[in-house]
Structure formats: C-alpha cells, structure tokens
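Asker: Pasting data_15.pdb below, which is PDB, C-alpha atoms, pLDDT in the B column.
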```pdb
ATOM      1  CA  MET J   1      28.801 -47.648  46.362  1.00 51.00           C
ATOM      2  CA  ARG J   2      30.803 -44.522  46.983  1.00 51.00           C
ATOM      3  CA  GLY J   3      30.216 -43.298  43.402  1.00 52.00           C
ATOM      4  CA  ARG J   4      26.473 -43.845  43.718  1.00 53.00           C
ATOM      5  CA  ALA J   5      26.426 -41.941  46.999  1.00 49.00           C
ATOM      6  CA  GLN J   6      28.219 -38.975  45.451  1.00 53.00           C
ATOM      7  CA  THR J   7      25.801 -38.943  42.525  1.00 48.00           C
ATOM      8  CA  GLY J   8      22.791 -38.993  44.822  1.00 50.00           C
ATOM      9  CA  LEU J   9      24.266 -36.208  46.925  1.00 45.00           C
ATOM     10  CA  SER J  10      24.809 -34.058  43.823  1.00 49.00           C
ATOM     11  CA  LEU J  11      21.196 -34.488  42.752  1.00 46.00           C
ATOM     12  CA  ILE J  12      19.988 -33.533  46.227  1.00 46.00           C
ATOM     13  CA  VAL J  13      22.088 -30.337  46.110  1.00 45.00           C
ATOM     14  CA  LEU J  14      20.900 -29.382  42.606  1.00 46.00           C
ATOM     15  CA  MET J  15      17.189 -29.996  43.161  1.00 47.00           C
ATOM     16  CA  PRO J  16      16.590 -26.897  45.340  1.00 48.00           C
ATOM     17  CA  LEU J  17      18.498 -24.758  42.829  1.00 45.00           C
ATOM     18  CA  ALA J  18      16.335 -26.034  39.955  1.00 46.00           C
ATOM     19  CA  THR J  19      13.203 -25.495  42.012  1.00 47.00           C
ATOM     20  CA  PHE J  20      14.273 -21.955  42.896  1.00 45.00           C
ATOM     21  CA  THR J  21      15.038 -21.097  39.284  1.00 47.00           C
ATOM     22  CA  GLY J  22      11.767 -22.608  38.051  1.00 47.00           C
ATOM     23  CA  CYS J  23       9.686 -20.620  40.503  1.00 48.00           C
ATOM     24  CA  HIS J  24      11.130 -17.359  39.202  1.00 48.00           C
ATOM     25  CA  TRP J  25      10.842 -18.164  35.496  1.00 46.00           C
ATOM     26  CA  ARG J  26       7.917 -16.357  33.848  1.00 53.00           C
ATOM     27  CA  MET J  27       6.125 -17.158  30.644  1.00 55.00           C
ATOM     28  CA  GLU J  28       6.136 -14.161  28.313  1.00 58.00           C
ATOM     29  CA  GLU J  29       3.707 -13.106  25.608  1.00 62.00           C
ATOM     30  CA  PRO J  30       4.106 -15.247  22.477  1.00 58.00           C
ATOM     31  CA  ASN J  31       6.338 -13.644  19.864  1.00 61.00           C
ATOM     32  CA  ASP J  32       4.749 -14.217  16.491  1.00 54.00           C
ATOM     33  CA  GLN J  33       7.854 -12.837  14.824  1.00 55.00           C
ATOM     34  CA  GLY J  34      10.006 -15.751  15.888  1.00 56.00           C
ATOM     35  CA  GLU J  35       7.617 -18.565  16.755  1.00 63.00           C
ATOM     36  CA  LEU J  36       5.523 -20.923  14.700  1.00 74.00           C
ATOM     37  CA  MET J  37       1.902 -19.859  14.882  1.00 80.00           C
ATOM     38  CA  ARG J  38      -1.285 -20.524  13.036  1.00 89.00           C
ATOM     39  CA  PRO J  39      -1.453 -18.093  10.073  1.00 87.00           C
ATOM     40  CA  GLU J  40      -4.597 -16.373  11.314  1.00 89.00           C
ATOM     41  CA  GLN J  41      -2.944 -15.628  14.678  1.00 92.00           C
ATOM     42  CA  VAL J  42      -0.073 -13.580  13.242  1.00 94.00           C
ATOM     43  CA  VAL J  43      -0.531  -9.854  13.983  1.00 95.00           C
ATOM     44  CA  SER J  44       3.059  -8.631  13.581  1.00 95.00           C
ATOM     45  CA  PHE J  45       3.136  -5.808  11.028  1.00 97.00           C
ATOM     46  CA  ASP J  46       6.608  -6.802   9.790  1.00 96.00           C
ATOM     47  CA  ARG J  47       5.598 -10.384   9.205  1.00 95.00           C
ATOM     48  CA  LEU J  48       2.228  -9.577   7.619  1.00 97.00           C
ATOM     49  CA  TYR J  49       3.699  -6.903   5.364  1.00 97.00           C
ATOM     50  CA  GLN J  50       6.593  -9.098   4.239  1.00 96.00           C
ATOM     51  CA  GLN J  51       4.302 -11.994   3.396  1.00 95.00           C
ATOM     52  CA  ASN J  52       1.474 -10.081   1.729  1.00 96.00           C
ATOM     53  CA  CYS J  53       2.577  -6.618   0.576  1.00 97.00           C
ATOM     54  CA  SER J  54       6.314  -6.254  -0.021  1.00 96.00           C
ATOM     55  CA  ALA J  55       6.423  -8.016  -3.405  1.00 95.00           C
ATOM     56  CA  CYS J  56       4.359  -5.229  -5.009  1.00 95.00           C
ATOM     57  CA  HIS J  57       4.806  -2.240  -2.685  1.00 95.00           C
ATOM     58  CA  GLY J  58       8.510  -2.688  -1.937  1.00 94.00           C
ATOM     59  CA  GLU J  59      10.371  -4.081   1.045  1.00 91.00           C
ATOM     60  CA  ASN J  60      10.123  -0.843   3.012  1.00 93.00           C
ATOM     61  CA  GLY J  61       6.972   0.512   1.421  1.00 95.00           C
ATOM     62  CA  SER J  62       8.605   1.960  -1.708  1.00 93.00           C
ATOM     63  CA  GLY J  63      10.552   0.947  -4.781  1.00 91.00           C
ATOM     64  CA  GLY J  64       8.056  -1.672  -5.938  1.00 92.00           C
ATOM     65  CA  PRO J  65       5.910  -1.737  -9.074  1.00 90.00           C
ATOM     66  CA  ALA J  66       2.820  -0.668  -7.109  1.00 92.00           C
ATOM     67  CA  LEU J  67       2.059   2.540  -5.218  1.00 92.00           C
ATOM     68  CA  ASP J  68       4.652   3.474  -2.576  1.00 94.00           C
ATOM     69  CA  LEU J  69       2.831   3.110   0.718  1.00 96.00           C
ATOM     70  CA  SER J  70       5.621   4.804   2.679  1.00 96.00           C
ATOM     71  CA  ASN J  71       4.980   8.100   0.895  1.00 96.00           C
ATOM     72  CA  PRO J  72       3.904  10.455   3.741  1.00 95.00           C
ATOM     73  CA  THR J  73       1.717  12.440   1.338  1.00 95.00           C
ATOM     74  CA  TYR J  74      -0.189   9.286   0.436  1.00 96.00           C
ATOM     75  CA  GLN J  75      -0.569   8.409   4.104  1.00 95.00           C
ATOM     76  CA  ALA J  76      -1.944  11.900   4.760  1.00 94.00           C
ATOM     77  CA  LEU J  77      -4.320  11.613   1.808  1.00 95.00           C
ATOM     78  CA  ILE J  78      -6.007   8.274   2.432  1.00 95.00           C
ATOM     79  CA  ASP J  79      -8.188   7.546   5.472  1.00 95.00           C
ATOM     80  CA  ASP J  80      -8.175   4.345   7.525  1.00 96.00           C
ATOM     81  CA  ALA J  81     -11.534   3.176   6.196  1.00 97.00           C
ATOM     82  CA  SER J  82     -10.348   3.376   2.576  1.00 96.00           C
ATOM     83  CA  LEU J  83      -7.089   1.577   3.336  1.00 97.00           C
ATOM     84  CA  LYS J  84      -8.944  -1.240   5.066  1.00 97.00           C
ATOM     85  CA  HIS J  85     -11.465  -1.428   2.215  1.00 97.00           C
ATOM     86  CA  TRP J  86      -8.791  -1.793  -0.480  1.00 97.00           C
ATOM     87  CA  ILE J  87      -6.836  -4.376   1.526  1.00 98.00           C
ATOM     88  CA  THR J  88     -10.002  -6.356   2.199  1.00 98.00           C
ATOM     89  CA  SER J  89     -11.679  -6.180  -1.199  1.00 97.00           C
ATOM     90  CA  GLY J  90      -8.912  -5.292  -3.652  1.00 96.00           C
ATOM     91  CA  MET J  91      -8.824  -2.272  -5.949  1.00 92.00           C
ATOM     92  CA  PRO J  92     -10.463  -2.356  -9.396  1.00 86.00           C
ATOM     93  CA  GLY J  93      -8.301  -1.066 -12.221  1.00 79.00           C
ATOM     94  CA  THR J  94      -5.113  -2.288 -10.524  1.00 86.00           C
ATOM     95  CA  GLN J  95      -3.362  -5.580  -9.788  1.00 88.00           C
ATOM     96  CA  MET J  96      -4.347  -5.248  -6.116  1.00 93.00           C
ATOM     97  CA  PRO J  97      -6.194  -8.447  -5.124  1.00 95.00           C
ATOM     98  CA  ALA J  98      -8.585  -8.969  -2.228  1.00 97.00           C
ATOM     99  CA  PHE J  99      -6.841 -10.111   0.961  1.00 97.00           C
ATOM    100  CA  GLY J 100      -9.730 -10.107   3.420  1.00 97.00           C
ATOM    101  CA  GLU J 101     -11.486 -13.305   4.432  1.00 96.00           C
ATOM    102  CA  SER J 102     -14.840 -11.724   3.642  1.00 94.00           C
ATOM    103  CA  ALA J 103     -13.741 -11.300   0.002  1.00 96.00           C
ATOM    104  CA  GLY J 104     -12.114 -14.714  -0.414  1.00 95.00           C
ATOM    105  CA  GLY J 105      -8.660 -13.829   0.944  1.00 95.00           C
ATOM    106  CA  PHE J 106      -6.754 -15.132   3.951  1.00 95.00           C
ATOM    107  CA  LEU J 107      -6.388 -12.144   6.282  1.00 97.00           C
ATOM    108  CA  THR J 108      -8.639 -11.665   9.288  1.00 97.00           C
ATOM    109  CA  GLN J 109      -9.968  -8.275  10.337  1.00 97.00           C
ATOM    110  CA  PRO J 110      -7.454  -7.990  13.232  1.00 97.00           C
ATOM    111  CA  GLN J 111      -4.639  -8.654  10.756  1.00 98.00           C
ATOM    112  CA  ILE J 112      -5.897  -5.959   8.376  1.00 98.00           C
ATOM    113  CA  ASP J 113      -6.172  -3.577  11.330  1.00 98.00           C
ATOM    114  CA  ALA J 114      -2.562  -4.433  12.258  1.00 98.00           C
ATOM    115  CA  LEU J 115      -1.377  -3.620   8.725  1.00 98.00           C
ATOM    116  CA  VAL J 116      -3.101  -0.235   8.694  1.00 98.00           C
ATOM    117  CA  SER J 117      -1.940   0.751  12.187  1.00 97.00           C
ATOM    118  CA  GLY J 118       1.601  -0.373  11.301  1.00 97.00           C
ATOM    119  CA  MET J 119       1.638   1.805   8.176  1.00 97.00           C
ATOM    120  CA  ARG J 120       0.453   4.785  10.173  1.00 96.00           C
ATOM    121  CA  ALA J 121       3.042   4.246  12.901  1.00 96.00           C
ATOM    122  CA  ARG J 122       5.945   4.011  10.469  1.00 95.00           C
ATOM    123  CA  TRP J 123       5.049   6.171   7.487  1.00 96.00           C
ATOM    124  CA  ALA J 124       2.518   8.803   8.533  1.00 92.00           C
ATOM    125  CA  ALA J 125       3.414  12.434   7.807  1.00 82.00           C
ATOM    126  CA  LYS J 126       5.278  14.055  10.696  1.00 80.00           C
ATOM    127  CA  LYS J 127       3.629  17.433  10.175  1.00 74.00           C
ATOM    128  CA  PRO J 128       0.493  18.571   8.329  1.00 71.00           C
ATOM    129  CA  THR J 129       0.762  20.199   4.913  1.00 73.00           C
ATOM    130  CA  ALA J 130       0.565  24.000   4.794  1.00 67.00           C
ATOM    131  CA  ASN J 131      -2.035  23.918   2.018  1.00 80.00           C
ATOM    132  CA  ALA J 132      -5.462  22.298   1.915  1.00 88.00           C
ATOM    133  CA  MET J 133      -4.960  18.925   0.294  1.00 94.00           C
ATOM    134  CA  PRO J 134      -7.471  17.810  -2.377  1.00 96.00           C
ATOM    135  CA  GLY J 135      -9.826  15.074  -1.230  1.00 96.00           C
ATOM    136  CA  TYR J 136      -8.976  11.417  -1.689  1.00 96.00           C
ATOM    137  CA  LEU J 137     -12.312  10.854  -3.437  1.00 95.00           C
ATOM    138  CA  ALA J 138     -13.527  13.113  -6.230  1.00 95.00           C
ATOM    139  CA  SER J 139     -16.279  15.508  -5.193  1.00 92.00           C
ATOM    140  CA  GLY J 140     -17.687  15.751  -8.719  1.00 93.00           C
ATOM    141  CA  GLU J 141     -16.998  15.232 -12.411  1.00 94.00           C
ATOM    142  CA  GLY J 142     -14.034  17.019 -13.932  1.00 97.00           C
ATOM    143  CA  ASN J 143     -13.720  19.113 -17.080  1.00 98.00           C
ATOM    144  CA  PRO J 144     -11.591  17.235 -19.683  1.00 97.00           C
ATOM    145  CA  GLY J 145     -10.859  20.404 -21.661  1.00 97.00           C
ATOM    146  CA  HIS J 146      -9.494  22.221 -18.621  1.00 98.00           C
ATOM    147  CA  GLY J 147      -7.621  19.093 -17.595  1.00 97.00           C
ATOM    148  CA  GLU J 148      -5.926  18.912 -20.991  1.00 97.00           C
ATOM    149  CA  ALA J 149      -4.705  22.501 -20.639  1.00 97.00           C
ATOM    150  CA  ILE J 150      -3.173  21.744 -17.213  1.00 97.00           C
ATOM    151  CA  PHE J 151      -1.628  18.514 -18.517  1.00 96.00           C
ATOM    152  CA  GLN J 152      -0.074  20.176 -21.557  1.00 95.00           C
ATOM    153  CA  ALA J 153       1.353  23.013 -19.462  1.00 95.00           C
ATOM    154  CA  ASN J 154       2.722  20.994 -16.551  1.00 95.00           C
ATOM    155  CA  CYS J 155       2.929  17.267 -17.305  1.00 94.00           C
ATOM    156  CA  ILE J 156       3.725  16.663 -20.956  1.00 91.00           C
ATOM    157  CA  SER J 157       7.454  17.377 -20.642  1.00 88.00           C
ATOM    158  CA  CYS J 158       7.928  14.108 -18.732  1.00 89.00           C
ATOM    159  CA  HIS J 159       4.985  12.059 -19.931  1.00 88.00           C
ATOM    160  CA  ARG J 160       5.768  12.369 -23.647  1.00 81.00           C
ATOM    161  CA  GLN J 161       8.711   9.996 -23.077  1.00 75.00           C
ATOM    162  CA  ASP J 162       8.040   6.365 -23.994  1.00 72.00           C
ATOM    163  CA  LYS J 163       8.697   4.885 -20.536  1.00 69.00           C
ATOM    164  CA  GLN J 164       6.532   7.543 -18.879  1.00 72.00           C
ATOM    165  CA  LYS J 165       3.876   7.939 -21.549  1.00 79.00           C
ATOM    166  CA  ILE J 166       0.782   7.903 -19.391  1.00 85.00           C
ATOM    167  CA  THR J 167      -1.438   8.868 -22.340  1.00 86.00           C
ATOM    168  CA  ASP J 168      -1.260   5.368 -23.824  1.00 85.00           C
ATOM    169  CA  THR J 169      -4.901   4.605 -24.640  1.00 86.00           C
ATOM    170  CA  SER J 170      -4.734   0.943 -23.636  1.00 82.00           C
ATOM    171  CA  TYR J 171      -3.187   1.772 -20.251  1.00 84.00           C
ATOM    172  CA  LEU J 172      -5.826   4.410 -19.574  1.00 89.00           C
ATOM    173  CA  ALA J 173      -8.569   1.940 -20.453  1.00 85.00           C
ATOM    174  CA  LEU J 174      -7.326  -0.414 -17.741  1.00 83.00           C
ATOM    175  CA  VAL J 175      -6.308   1.915 -14.897  1.00 89.00           C
ATOM    176  CA  SER J 176      -8.966   3.247 -12.532  1.00 91.00           C
ATOM    177  CA  ASP J 177      -9.777   6.929 -12.122  1.00 94.00           C
ATOM    178  CA  GLN J 178      -9.095   6.559  -8.386  1.00 94.00           C
ATOM    179  CA  SER J 179      -5.568   5.312  -9.047  1.00 93.00           C
ATOM    180  CA  LEU J 180      -4.900   8.249 -11.377  1.00 95.00           C
ATOM    181  CA  ARG J 181      -6.294  10.707  -8.837  1.00 97.00           C
ATOM    182  CA  THR J 182      -4.161   9.239  -6.061  1.00 96.00           C
ATOM    183  CA  ILE J 183      -0.950   9.567  -8.079  1.00 95.00           C
ATOM    184  CA  VAL J 184      -1.760  13.126  -9.217  1.00 97.00           C
ATOM    185  CA  ILE J 185      -2.230  14.166  -5.577  1.00 97.00           C
ATOM    186  CA  ALA J 186       0.348  12.053  -3.730  1.00 96.00           C
ATOM    187  CA  GLY J 187       2.922  11.720  -6.509  1.00 95.00           C
ATOM    188  CA  ARG J 188       5.424   8.876  -6.717  1.00 93.00           C
ATOM    189  CA  PRO J 189       8.571  10.157  -4.966  1.00 93.00           C
ATOM    190  CA  ASP J 190      10.254   6.801  -5.515  1.00 89.00           C
ATOM    191  CA  LEU J 191       9.929   7.443  -9.278  1.00 88.00           C
ATOM    192  CA  GLY J 192      10.531  11.185  -9.201  1.00 91.00           C
ATOM    193  CA  HIS J 193       6.878  12.030  -9.856  1.00 93.00           C
ATOM    194  CA  PRO J 194       5.836  15.325  -8.164  1.00 95.00           C
ATOM    195  CA  ASP J 195       2.805  15.619  -5.932  1.00 95.00           C
ATOM    196  CA  TRP J 196      -0.014  18.178  -6.110  1.00 95.00           C
ATOM    197  CA  GLU J 197       2.090  20.875  -4.406  1.00 94.00           C
ATOM    198  CA  GLN J 198       5.278  20.269  -6.385  1.00 94.00           C
ATOM    199  CA  LEU J 199       3.779  20.137  -9.899  1.00 94.00           C
ATOM    200  CA  ARG J 200       3.402  23.929 -10.050  1.00 92.00           C
ATOM    201  CA  PRO J 201       5.706  25.463  -7.419  1.00 86.00           C
ATOM    202  CA  GLY J 202       3.872  28.144  -5.509  1.00 91.00           C
ATOM    203  CA  GLN J 203       0.531  27.160  -7.026  1.00 94.00           C
ATOM    204  CA  PRO J 204      -0.738  23.820  -5.654  1.00 96.00           C
ATOM    205  CA  LEU J 205      -3.408  21.980  -7.606  1.00 97.00           C
ATOM    206  CA  ALA J 206      -6.934  22.580  -6.380  1.00 96.00           C
ATOM    207  CA  ASP J 207      -9.349  19.702  -5.876  1.00 97.00           C
ATOM    208  CA  ARG J 208     -11.276  20.671  -9.008  1.00 97.00           C
ATOM    209  CA  GLU J 209      -8.076  20.774 -11.094  1.00 98.00           C
ATOM    210  CA  VAL J 210      -7.136  17.252 -10.007  1.00 98.00           C
ATOM    211  CA  SER J 211     -10.572  16.069 -11.128  1.00 98.00           C
ATOM    212  CA  ASP J 212     -10.078  17.886 -14.443  1.00 98.00           C
ATOM    213  CA  ILE J 213      -6.750  16.142 -15.114  1.00 98.00           C
ATOM    214  CA  VAL J 214      -8.253  12.751 -14.313  1.00 97.00           C
ATOM    215  CA  ALA J 215     -11.257  13.474 -16.554  1.00 97.00           C
ATOM    216  CA  TYR J 216      -8.923  14.368 -19.433  1.00 97.00           C
ATOM    217  CA  LEU J 217      -6.872  11.196 -19.028  1.00 96.00           C
ATOM    218  CA  HIS J 218     -10.036   9.118 -18.717  1.00 94.00           C
ATOM    219  CA  SER J 219     -11.305  10.561 -22.010  1.00 94.00           C
ATOM    220  CA  LEU J 220      -8.235   9.180 -23.806  1.00 92.00           C
ATOM    221  CA  GLY J 221      -8.888   5.568 -22.786  1.00 89.00           C
ATOM    222  CA  SER J 222      -9.658   3.069 -25.533  1.00 83.00           C
ATOM    223  CA  GLU J 223     -12.910   1.124 -25.471  1.00 79.00           C
ATOM    224  CA  THR J 224     -10.970  -1.850 -26.885  1.00 77.00           C
ATOM    225  CA  PRO J 225      -7.636  -2.003 -25.004  1.00 74.00           C
ATOM    226  CA  GLY J 226      -4.794  -3.474 -27.035  1.00 68.00           C
ATOM    227  CA  GLN J 227      -5.347  -4.054 -30.704  1.00 63.00           C
ATOM    228  CA  PRO J 228      -8.679  -2.690 -31.931  1.00 61.00           C
ATOM    229  CA  TYR J 229     -11.302  -5.246 -32.810  1.00 58.00           C
ATOM    230  CA  PRO J 230     -12.030  -5.690 -36.526  1.00 54.00           C
ATOM    231  CA  ASP J 231     -14.819  -3.645 -38.046  1.00 59.00           C
ATOM    232  CA  GLU J 232     -18.001  -5.696 -37.615  1.00 53.00           C
ATOM    233  CA  SER J 233     -19.522  -4.106 -40.712  1.00 51.00           C
ATOM    234  CA  ALA J 234     -16.856  -5.723 -42.885  1.00 47.00           C
ATOM    235  CA  LYS J 235     -18.055  -9.199 -41.928  1.00 43.00           C
ATOM    236  CA  ARG J 236     -20.644 -10.983 -43.995  1.00 36.00           C
TER     237      ARG J 236
END
```
Could you show the structure in this file as structure tokens?
Answerer:
Amino acid sequence: MRGRAQTGLSLIVLMPLATFTGCHWRMEEPNDQGELMRPEQVVSFDRLYQQNCSACHGENGSGGPALDLSNPTYQALIDDASLKHWITSGMPGTQMPAFGESAGGFLTQPQIDALVSGMRARWAAKKPTANAMPGYLASGEGNPGHGEAIFQANCISCHRQDKQKITDTSYLALVSDQSLRTIVIAGRPDLGHPDWEQLRPGQPLADREVSDIVAYLHSLGSETPGQPYPDESAKR
C-alpha cells in the first residue's frame, strides 16, 4: 500500500510539470530537409538540386559532365525565364531532359522556382562585368567566314587536341547552337575554358563575333552524324 501511495504521489507531482512544459512547446515549420514529405512538397534547394541536378552539373554546381551552373558568368548571362524554361522542358541538342510536370517530368512550378532562386542566391555574380556582355540569345545570323578567322586565331591552339577537339563533325551535328553560344560567352572555368572576356585579353568578344564563331562551328556539322550512310546511287 505504501509503495502504491508513493507512486501515485509522484505522478501527481509530475503532472503539473508536464502540463507546464506542454503549454510552452511550439510546433515549428516543417523541415523538408530532414523529414519525410511527399515529393511534390519538397522545396529545399539542397534537396532538389541533389536529387535532380548534381549527377550532371556537379555536387556544388561544377565539375560535372554538363555545364557548370555555379559559374558566375553563366549566372549573369542567363535570365530567370530561360533557366525555368530549360528546367521545365529540357534543352534540345543536349542530354538535359524535361523536369517540369507540364512536360512529363516530376517537378512542380514552385519546385522549379526554388531551384532557380537557390542558384541565384548561391552562385550569382557579386559584381557586374565592366564590359557589355553579349546577349544570351543570338540577335541574328553569324558570318561563318569571319567566325573561322576568329577561331583559327584564338581557339585552335587548345581545340586541335584530341580530347578538346570541338570541330568533330559528329559532335557539332548533335550539339545545339545555343549550347555552343553559351560556352563561348560564359566559358567553362571548371575545365579551364576562357569566357568571352578572357579569350582575347583586352579585347572582349562582341555579340556579333560570338554569333560568327557559332555559325562557323555549325557549318562543320555532319548531316549524318557518326559513320556516313552508304551512297544511295550505288544500290540497285
């Protein structure tokens, strides 16, 4: 009897303490970084990027086989609308698939918005460039002849090497002009590729010159990537 009385007394003493603690405990906002959530509810940039982007673009936005998103020059070049479009619908001429629900992917619009705002917050250029950057989209057709002259004078020393031979006709038949333009302007600092200001020190590439280089490279693309098809005239 005495033991039961002591137990009951202990419970009576502890109940007010539990009540007091419970009254002052607050529910916080759900943390989608550490809690199980429905996939479409996740809006953490870290989690979305790790699950959808890091395999191609690198764990921290660089060092992957695809374009380095953490390149500040690239972030200064591309606008929000274009970033959201490529994430949603994919990019032709690359291995970039469509991630948006409207294009058959799994990401909602708020999740795509979270990815773009996260990139801007982490990787945007800290200060504007001193020179007028060429436009992300081409303003007109380029001149292949002029582009060849620029390429031979400034690019061939690196791109004649086998591992960097960008003039491979099959590669140029598969890559998009927009991808080429983006790399010419933004460079690939993770691979040592200069950007539009670094290619010719003291003489940045003008918008027209970027278009000329892309037009020259485009002209080298094969109509039959890989091995050429047999001559149809030789068939009976």
Asker: Give me, as a VMD selection string, all polymer residues having an atom no more than 6 Å from region 172-181 of chain J, counting only C-alpha atoms and skipping those fewer than 6 positions away in the same chain.
Answerer: chain J and resid 93 221 to 222
Asker: Any chance you could resolve the PyMOL selection byres ((chain J and resi 154) around 12) against this file and give the residues as a PyMOL selection string?
Answerer: chain J and resi 147-153+155-160+184+193-196+198-201+203-205+213
Asker: If I put a ball of radius 6 Å at (4.3, -1.1, -5.2) in the file's coordinates, which residues poke into it when counting all atoms listed in the file, written as a compact mmCIF listing (two decimals) with C-alpha atoms, keeping the file's coordinate frame?
Answerer:
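Now in part_7.txt:
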```txt
# COMPACT_ATOMS: atom_id res chain seq x y z
CA CYS J 56 4.36 -5.23 -5.01
CA HIS J 57 4.81 -2.24 -2.68
CA GLY J 58 8.51 -2.69 -1.94
CA GLY J 64 8.06 -1.67 -5.94
CA PRO J 65 5.91 -1.74 -9.07
CA ALA J 66 2.82 -0.67 -7.11
CA LEU J 67 2.06 2.54 -5.22
CA ASP J 68 4.65 3.47 -2.58
```
Asker: The PyMOL selection byres ((chain J and resi 80) around 12) - which residues does that actually catch in the file I just gave you? List them as a list of chain:residue names.
Answerer: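 On this input, the PyMOL selection byres ((chain J and resi 80) around 12) captures J:Tyr74, J:Gln75, J:Ala76, J:Leu77, J:Ile78, J:Asp79, J:Ala81, J:Ser82, J:Leu83, J:Lys84, J:His85, J:Trp86, J:Ile87, J:Ile112, J:Asp113, J:Ala114, J:Leu115, J:Val116, J:Ser117, J:Gly118, J:Met119, J:Arg120, J:Ala124, J:Tyr136.
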Asker: Distance CA of His218 (chain J)-CA of Gly192 (chain J), one decimal place?
Answerer: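 Spanning CA of His218 (chain J) to CA of Gly192 (chain J) is a straight-line distance of 22.8 Å.
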Asker: In Å, rounded to a single decimal, give me how far CA of Ser62 (chain J) is from CA of Lys126 (chain J).
Answerer: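 Between these atoms lies a distance of 17.6 Å.
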Asker: Can you work out the spacing between CA of Glu223 (chain J) and CA of Thr169 (chain J) in Å, to one decimal?
Answerer: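 One can read the CA of Glu223 (chain J) to CA of Thr169 (chain J) distance as 8.8 Å.
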Asker: Just say which residues the PyMOL selection byres ((chain J and resi 46) around 10) picks in this file, as a PyMOL selection string.
Answerer: chain J and resi 33+43-45+47-51+54+59-60+114-115+118
Asker: Measuring atom to atom with only C-alpha atoms, identify which of J:Thr129, J:Asn52, J:Ser219, J:Thr94 is nearest to Asp168 (chain J).
Answerer: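 Answer, going by the shortest atom-to-atom distance: J:Ser219.
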Asker: Could the centre and edge lengths of an axis-aligned box, enclosing all atoms of region 68-75 of chain J in the file with 4 Å extra on each side, be given in Å to one decimal as JSON?
Answerer:
```
{"center_x": 2.5, "center_y": 7.8, "center_z": 0.8, "size_x": 14.2, "size_y": 17.3, "size_z": 14.7}
```
Asker: Quick one: everything within 8 Å of region 104-108 of chain J, counting only C-alpha atoms, minus sequence neighbours fewer than 6 positions away in the same chain. Send it as a ChimeraX atom specification.
Answerer: /J:40,88,98
Asker: For region 44-60 of chain J, which lacks atoms in the input, supply N, CA and C atoms and format the output as a PDB file, keeping the file's coordinate frame.
Answerer:
```pdb
ATOM      1  N   SER J  44       1.865  -9.462  13.710  1.00 95.00           N
ATOM      2  CA  SER J  44       3.059  -8.631  13.581  1.00 95.00           C
ATOM      3  C   SER J  44       3.019  -7.899  12.244  1.00 95.00           C
ATOM      4  N   PHE J  45       3.152  -6.580  12.274  1.00 97.00           N
ATOM      5  CA  PHE J  45       3.136  -5.808  11.028  1.00 97.00           C
ATOM      6  C   PHE J  45       4.256  -6.255  10.100  1.00 97.00           C
ATOM      7  N   ASP J  46       5.471  -6.415  10.631  1.00 96.00           N
ATOM      8  CA  ASP J  46       6.608  -6.802   9.790  1.00 96.00           C
ATOM      9  C   ASP J  46       6.336  -8.113   9.059  1.00 96.00           C
ATOM     10  N   ARG J  47       5.830  -9.062   9.793  1.00 95.00           N
ATOM     11  CA  ARG J  47       5.598 -10.384   9.205  1.00 95.00           C
ATOM     12  C   ARG J  47       4.452 -10.345   8.195  1.00 95.00           C
ATOM     13  N   LEU J  48       3.367  -9.669   8.535  1.00 97.00           N
ATOM     14  CA  LEU J  48       2.228  -9.577   7.619  1.00 97.00           C
ATOM     15  C   LEU J  48       2.599  -8.812   6.359  1.00 97.00           C
ATOM     16  N   TYR J  49       3.322  -7.708   6.521  1.00 97.00           N
ATOM     17  CA  TYR J  49       3.699  -6.903   5.364  1.00 97.00           C
ATOM     18  C   TYR J  49       4.640  -7.680   4.454  1.00 97.00           C
ATOM     19  N   GLN J  50       5.628  -8.344   5.042  1.00 96.00           N
ATOM     20  CA  GLN J  50       6.593  -9.098   4.239  1.00 96.00           C
ATOM     21  C   GLN J  50       5.914 -10.205   3.445  1.00 96.00           C
ATOM     22  N   GLN J  51       4.951 -10.860   4.043  1.00 95.00           N
ATOM     23  CA  GLN J  51       4.302 -11.994   3.396  1.00 95.00           C
ATOM     24  C   GLN J  51       3.247 -11.586   2.374  1.00 95.00           C
ATOM     25  N   ASN J  52       2.635 -10.422   2.555  1.00 96.00           N
ATOM     26  CA  ASN J  52       1.474 -10.081   1.729  1.00 96.00           C
ATOM     27  C   ASN J  52       1.628  -8.826   0.862  1.00 96.00           C
ATOM     28  N   CYS J  53       2.548  -7.940   1.217  1.00 97.00           N
ATOM     29  CA  CYS J  53       2.577  -6.618   0.576  1.00 97.00           C
ATOM     30  C   CYS J  53       3.891  -6.269  -0.115  1.00 97.00           C
ATOM     31  N   SER J  54       5.009  -6.752   0.412  1.00 96.00           N
ATOM     32  CA  SER J  54       6.314  -6.254  -0.021  1.00 96.00           C
ATOM     33  C   SER J  54       6.633  -6.567  -1.477  1.00 96.00           C
ATOM     34  N   ALA J  55       6.104  -7.657  -2.026  1.00 95.00           N
ATOM     35  CA  ALA J  55       6.423  -8.016  -3.405  1.00 95.00           C
ATOM     36  C   ALA J  55       5.983  -6.942  -4.385  1.00 95.00           C
ATOM     37  N   CYS J  56       4.870  -6.269  -4.109  1.00 95.00           N
ATOM     38  CA  CYS J  56       4.359  -5.229  -5.009  1.00 95.00           C
ATOM     39  C   CYS J  56       4.705  -3.821  -4.526  1.00 95.00           C
ATOM     40  N   HIS J  57       4.637  -3.594  -3.217  1.00 95.00           N
ATOM     41  CA  HIS J  57       4.806  -2.240  -2.685  1.00 95.00           C
ATOM     42  C   HIS J  57       6.222  -1.952  -2.196  1.00 95.00           C
ATOM     43  N   GLY J  58       7.135  -2.906  -2.347  1.00 94.00           N
ATOM     44  CA  GLY J  58       8.510  -2.688  -1.937  1.00 94.00           C
ATOM     45  C   GLY J  58       8.770  -3.133  -0.515  1.00 94.00           C
ATOM     46  N   GLU J  59      10.018  -3.518  -0.259  1.00 91.00           N
ATOM     47  CA  GLU J  59      10.371  -4.081   1.045  1.00 91.00           C
ATOM     48  C   GLU J  59      10.089  -3.122   2.186  1.00 91.00           C
ATOM     49  N   ASN J  60      10.355  -1.844   1.969  1.00 93.00           N
ATOM     50  CA  ASN J  60      10.123  -0.843   3.012  1.00 93.00           C
ATOM     51  C   ASN J  60       9.024   0.141   2.620  1.00 93.00           C
TER      52      ASN J  60
END
```
